[in-house]
Amino acid sequence: MIILGIDPGYAIVGYGVVRCERGRFTHIQHGAIRTPAGLPLHLRLKEIYDDMMTLLDTFHPDEVAIEELFFNTNITTGIAVGHARGVILLACAQRGIQPAEYTPLQVKQSVVGYGRAEKRQVMEMTRTMLGLHKMPKPDDAADALAIAVCHGNSAGSQLLRFEK
């Protein structure tokens, strides 16, 4: 199963593509969709949508996993990220894929085994699980890989039941 993990944002959308077979992960690719800071939001959203469609058409993922929106202190930023999530979800719908959504706590629990793990621990465990020699960059891509691994761990137990 090929999983596309997405760490949503409107300046940077991290993505990570992994293959999950029988609970083992293989790194395929990771990177980021970047939008220019001075660009109006509606044009940034269009770029995100177009690039998401390209990712979906390039990798043909069986599953897409996206991080749920987490509001910190800046509600304005949260709203813009919500808009970006909307166009990402629309791109998935356009390709007939129903994305799975995970909270940061669920991702940490799945990857590290502890829901309050530090970001560095999650990144290091993801790097190790995927057999990467160095930490994925940017951090948004590393987060997206962790989201993909989380989904593989969550979906993996169901898949193993069906493969027997």
# chains A, B, ... in the order shown; residues from 1 in each chain; ligands from 1
$ residues_around --residues "Ala80 of chain A" --least-positions-apart "5" --cutoff "9 Å" --atoms "only C-alpha atoms" --output "JSON, numbers by chain"
{"A": [9, 10, 41, 75, 85]}
$ select_by_dssp --residues "chain A" --states "strand (DSSP E)" --output "PyMOL selection string"
chain A and resi 2-7+12-21+24-34+63-67+100-102
$ residues_around --residues "Gln94 of chain A" --least-positions-apart "4" --cutoff "10 Å" --atoms "only C-alpha atoms" --output "ChimeraX atom specification"
/A:53,56,88-90,98
$ write_last_selection --atoms "N, CA and C atoms" --output "mmCIF file, in the first residue's frame"
data_model
loop_
_atom_site.group_PDB
_atom_site.id
_atom_site.type_symbol
_atom_site.label_atom_id
_atom_site.label_comp_id
_atom_site.auth_asym_id
_atom_site.auth_seq_id
_atom_site.Cartn_x
_atom_site.Cartn_y
_atom_site.Cartn_z
ATOM 1 N N MET A 53 -2.775 17.908 -6.727
ATOM 2 C CA MET A 53 -3.255 17.086 -7.846
ATOM 3 C C MET A 53 -2.067 16.411 -8.542
ATOM 4 N N LEU A 56 -0.888 13.525 -6.323
ATOM 5 C CA LEU A 56 -1.822 12.400 -6.408
ATOM 6 C C LEU A 56 -1.685 11.674 -7.743
ATOM 7 N N ILE A 88 -6.735 20.768 0.013
ATOM 8 C CA ILE A 88 -6.096 19.445 0.020
ATOM 9 C C ILE A 88 -7.166 18.360 0.045
ATOM 10 N N LEU A 89 -8.174 18.538 0.881
ATOM 11 C CA LEU A 89 -9.273 17.574 0.943
ATOM 12 C C LEU A 89 -10.043 17.537 -0.373
ATOM 13 N N LEU A 90 -10.218 18.688 -1.002
ATOM 14 C CA LEU A 90 -10.881 18.760 -2.307
ATOM 15 C C LEU A 90 -10.083 17.975 -3.353
ATOM 16 N N GLN A 98 -10.637 9.030 0.130
ATOM 17 C CA GLN A 98 -11.113 9.562 1.403
ATOM 18 C C GLN A 98 -9.941 9.570 2.372
#
$ closest_residue --among "A:Ile12, A:Arg127, A:Arg22, A:Ile66" --to "Glu47 of chain A" --atoms "only C-alpha atoms"
A:Ile12
$ select_by_dssp --residues "segment 82-125 of chain A" --states "helix (DSSP H, G or I)" --output "list in words"
Gly82, His83, Ala84, Arg85, Gly86, Val87, Ile88, Leu89, Leu90, Ala91, Cys92, Ala93, Gln94, Pro104, Leu105, Gln106, Val107, Lys108, Gln109, Ser110, Val111, Val112, Lys119, Arg120, Gln121, Val122, Met123, Glu124 and Met125 of chain A
$ write_last_selection --atoms "N, CA and C atoms" --output "compact mmCIF listing (two decimals), in the first residue's frame"
# COMPACT_ATOMS: atom_id res chain seq x y z
N GLY A 82 -6.68 26.18 7.74
CA GLY A 82 -7.94 25.50 7.49
C GLY A 82 -8.35 25.60 6.03
N HIS A 83 -8.13 26.76 5.43
CA HIS A 83 -8.41 26.92 4.00
C HIS A 83 -7.52 25.98 3.18
N ALA A 84 -6.25 25.90 3.55
CA ALA A 84 -5.32 25.03 2.83
C ALA A 84 -5.74 23.57 2.97
N ARG A 85 -6.14 23.18 4.17
CA ARG A 85 -6.64 21.81 4.37
C ARG A 85 -7.84 21.55 3.47
N GLY A 86 -8.69 22.57 3.32
CA GLY A 86 -9.87 22.42 2.47
C GLY A 86 -9.52 22.10 1.03
N VAL A 87 -8.53 22.80 0.47
CA VAL A 87 -8.18 22.51 -0.92
C VAL A 87 -7.45 21.17 -1.03
N ILE A 88 -6.74 20.77 0.01
CA ILE A 88 -6.10 19.44 0.02
C ILE A 88 -7.17 18.36 0.05
N LEU A 89 -8.17 18.54 0.88
CA LEU A 89 -9.27 17.57 0.94
C LEU A 89 -10.04 17.54 -0.37
N LEU A 90 -10.22 18.69 -1.00
CA LEU A 90 -10.88 18.76 -2.31
C LEU A 90 -10.08 17.98 -3.35
N ALA A 91 -8.77 18.14 -3.36
CA ALA A 91 -7.93 17.40 -4.32
C ALA A 91 -8.10 15.90 -4.12
N CYS A 92 -8.14 15.45 -2.87
CA CYS A 92 -8.36 14.03 -2.59
C CYS A 92 -9.72 13.58 -3.11
N ALA A 93 -10.75 14.38 -2.86
CA ALA A 93 -12.09 14.05 -3.33
C ALA A 93 -12.12 13.97 -4.86
N GLN A 94 -11.39 14.85 -5.52
CA GLN A 94 -11.34 14.84 -6.99
C GLN A 94 -10.76 13.53 -7.51
N PRO A 104 -2.03 15.44 16.26
CA PRO A 104 -0.60 15.32 16.60
C PRO A 104 -0.36 14.29 17.70
N LEU A 105 -1.25 14.21 18.67
CA LEU A 105 -1.12 13.24 19.75
C LEU A 105 -1.16 11.81 19.21
N GLN A 106 -2.07 11.54 18.27
CA GLN A 106 -2.16 10.20 17.67
C GLN A 106 -0.90 9.85 16.90
N VAL A 107 -0.35 10.82 16.19
CA VAL A 107 0.88 10.58 15.42
C VAL A 107 2.03 10.24 16.36
N LYS A 108 2.19 11.02 17.42
CA LYS A 108 3.27 10.76 18.39
C LYS A 108 3.09 9.39 19.04
N GLN A 109 1.87 9.07 19.42
CA GLN A 109 1.59 7.78 20.06
C GLN A 109 1.92 6.62 19.12
N SER A 110 1.55 6.75 17.87
CA SER A 110 1.77 5.68 16.90
C SER A 110 3.24 5.50 16.55
N VAL A 111 3.95 6.59 16.37
CA VAL A 111 5.34 6.51 15.91
C VAL A 111 6.31 6.25 17.05
N VAL A 112 6.12 6.93 18.18
CA VAL A 112 7.07 6.83 19.29
C VAL A 112 6.55 5.92 20.41
N LYS A 119 9.06 16.62 19.53
CA LYS A 119 9.11 16.62 18.06
C LYS A 119 10.37 15.90 17.56
N ARG A 120 11.50 16.16 18.20
CA ARG A 120 12.77 15.54 17.79
C ARG A 120 12.71 14.02 17.88
N GLN A 121 12.05 13.50 18.92
CA GLN A 121 11.91 12.05 19.09
C GLN A 121 11.10 11.46 17.93
N VAL A 122 10.03 12.14 17.56
CA VAL A 122 9.18 11.66 16.46
C VAL A 122 9.98 11.65 15.16
N MET A 123 10.72 12.72 14.92
CA MET A 123 11.50 12.81 13.70
C MET A 123 12.58 11.72 13.65
N GLU A 124 13.24 11.49 14.76
CA GLU A 124 14.30 10.48 14.80
C GLU A 124 13.73 9.07 14.62
N MET A 125 12.61 8.78 15.26
CA MET A 125 11.99 7.47 15.13
C MET A 125 11.51 7.25 13.69
$ closest_residue --among "A:Ala32, A:Thr126, A:Glu67, A:Leu132" --to "Glu101 of chain A" --atoms "only C-alpha atoms"
A:Glu67
$ closest_residue --among "A:Ala146, A:Gly5, A:Glu118, A:Met135" --to "Phe59 of chain A" --atoms "only C-alpha atoms"
A:Gly5
$ closest_residue --among "A:Glu68, A:Asp7, A:Asp57, A:Glu63" --to "Asp139 of chain A" --atoms "only C-alpha atoms"
A:Asp7
$ closest_residue --among "A:Tyr102, A:Phe25, A:Tyr15, A:Phe70" --to "Met1 of chain A" --atoms "only C-alpha atoms"
A:Phe25
$ closest_residue --among "A:Ala148, A:Leu130, A:Ala117, A:Ala141" --to "Pro61 of chain A" --atoms "only C-alpha atoms"
A:Ala148
$ atom_distance --atom1 "atom CA of Leu145 of chain A" --atom2 "atom CA of Gly38 of chain A"
28.1 Å
$ atom_distance --atom1 "atom CA of Thr77 of chain A" --atom2 "atom CA of Ala11 of chain A"
10.3 Å
$ atom_distance --atom1 "atom CA of Asp140 of chain A" --atom2 "atom CA of Arg24 of chain A"
22.4 Å
